[in-house]
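Here the structure comes first, spelled out in structure tokens, and everything after it is commentary.
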Amino acid sequence: MEKQTTIPVKINIQNKDFNVSEETKILQQNETGAIVNFVGIVRGFDEKNNNVIDSMTLEHYPGMTELEIEKIVRQGCQRWDITGVTVIHRVGKLLPSDQIVFVGVSAKHRQNAFDSCNFIMDWLKTKAPFWKVEECNNHKKWVNYNLSDDEATKKWVV
Amino acid sequence: MVIKYFSWIKEYIGKSEELIELPDDITTIAELINYLDNLNDHYKRAFVKRDLIKIAVNKTYCSVETKISNNDEIAFFPPVTGG
């Protein structure tokens with residue numbers, strides 16, 4: 001039987017920045033002994049093509065994005081004993097060093113928080129419908145998907 | 001039927017969304033792709049790498065064999081690159 005999940009879950013897709021400290025405080029209100037946060041940041045350099053990145057714009061599929069993240073979070077809740085989850089993903093134009101994504105998980109014990117945060121992030125990278133376009137020297141380039149992201153999800157297959 | 005396009009597929013086709021009346025003989029995603037592919041060169045270019053393209057019906061991932069109807073919302077997009 002599927003485990004029912006009634007823990008606090010917050011999923012936001014937004015243009016505006018987020019405050020990691022405030023989000024951590026919210027997770028701290030859950031019954032918790034451990035919080036693990038992941039924060040993704042815009043890189044200023046494209047190592048593969050040796051390019052400086054001026055900016056990056058993210059688009060997504062409203063409605064489906066939230067549904068896909070909800071599914072991933074639900075799977076995480078069923079697999080690990082966790083007490084709260086927050087996923088915030090920014091869209092629109094971002095600059096190098098800007099925050100893109102926040103995944104925060106609270107749990108009673110650290111290993112559940114570490115593993116579920118890693119799980120949510122790995123699946124978000126391969127399932128949540130976001131696309132990045134990089135701007136370098138006035139040229140736009142859609143970012144290619146990374147095969148290593150698919151590989152990363154294999155460790156979660158049981 | 002509403003069809004949505006994202007990322008470089010949207011740019012190749014030149015629109016992010018369109019409303020089409022599904023011809024009676026089209027019942028699957030594979031048949032829809034063939035139909036669009038024959039409309040003009042913009043679609044043809046977008047669907048050249050069709051093995052790469054991800055498909056959603058009513059905001060859920062699906063395959064080319066998925067059955068479709070006129071009330072569905074279809075989306076075509078490249079592999080995702082968020083996070």
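Quick note on naming: the chains in the structure tokens go A, B, ... in the order shown, residues restart at 1 in each chain, and ligands are numbered from 1 in order of appearance.
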What parts of range 13-118 of chain A does DSSP call alpha helix (DSSP H)? I'd like the answer as a PyMOL selection string. chain A and resi 20-28+64-79+110-118
Which residues are near range 76-87 of chain A? Cut-off 10 Å, only C-alpha atoms, ignore same chain within fewer than 6 positions. Put them as a count of residues only. 51
Excluding range 78-82 of chain B and residues on its chain fewer than 2 positions from it, collect all residues at most 9 Å away from it, counting only C-alpha atoms, and give them as a compact mmCIF listing (two decimals) with C-alpha atoms, in the first residue's frame.
# COMPACT_ATOMS: atom_id res chain seq x y z
CA LEU A 58 14.90 29.70 -18.35
CA GLU A 59 11.50 28.77 -19.70
CA HIS A 60 9.17 26.03 -18.53
CA HIS A 89 12.88 26.94 -9.26
CA ILE A 100 18.45 29.07 -9.90
CA VAL A 101 17.05 26.28 -7.81
CA LEU A 124 14.15 17.22 -11.28
CA LYS A 125 17.13 17.56 -13.67
CA THR A 126 15.77 14.84 -15.97
CA LYS A 127 11.98 15.16 -15.68
CA ALA A 128 10.88 18.71 -14.78
CA PRO A 129 10.18 20.59 -18.05
CA PHE A 130 12.59 23.52 -17.90
CA TRP A 131 14.88 24.66 -20.71
CA LYS A 132 17.87 26.98 -20.51
CA VAL A 143 21.68 24.29 -23.57
CA ASN A 144 22.02 20.63 -24.57
CA TYR A 145 20.91 18.00 -22.13
CA ASN A 146 23.59 16.18 -20.29
CA PHE B 6 8.94 24.64 -26.26
CA SER B 7 12.59 25.62 -26.51
CA TRP B 8 14.22 25.24 -29.96
CA ILE B 9 11.21 23.33 -31.31
CA LEU B 52 15.15 13.10 -29.27
CA ILE B 53 11.83 14.87 -28.84
CA LYS B 54 9.85 14.42 -25.64
CA ILE B 55 6.07 14.30 -25.77
CA PHE B 76 6.51 18.65 -27.95
Ile26 in chain B surroundings by only C-alpha atoms, 10 Å radius, close-in-sequence under 6 positions cut, as a PyMOL selection string: chain B and resi 32-35+67-70
Save the residues we just selected, C-alpha atoms, as a short mmCIF file (atom, residue, chain, number, x, y, z; two decimals), in the first residue's frame?
data_model
loop_
_atom_site.label_atom_id
_atom_site.label_comp_id
_atom_site.auth_asym_id
_atom_site.auth_seq_id
_atom_site.Cartn_x
_atom_site.Cartn_y
_atom_site.Cartn_z
CA LEU B 32 0.24 13.44 -35.55
CA ILE B 33 4.01 13.94 -35.97
CA ASN B 34 3.82 12.60 -39.55
CA TYR B 35 0.88 14.93 -40.25
CA LYS B 67 -3.73 7.43 -28.44
CA ILE B 68 -4.95 11.02 -28.78
CA SER B 69 -8.23 12.83 -29.30
CA ASN B 70 -9.35 16.35 -30.18
#
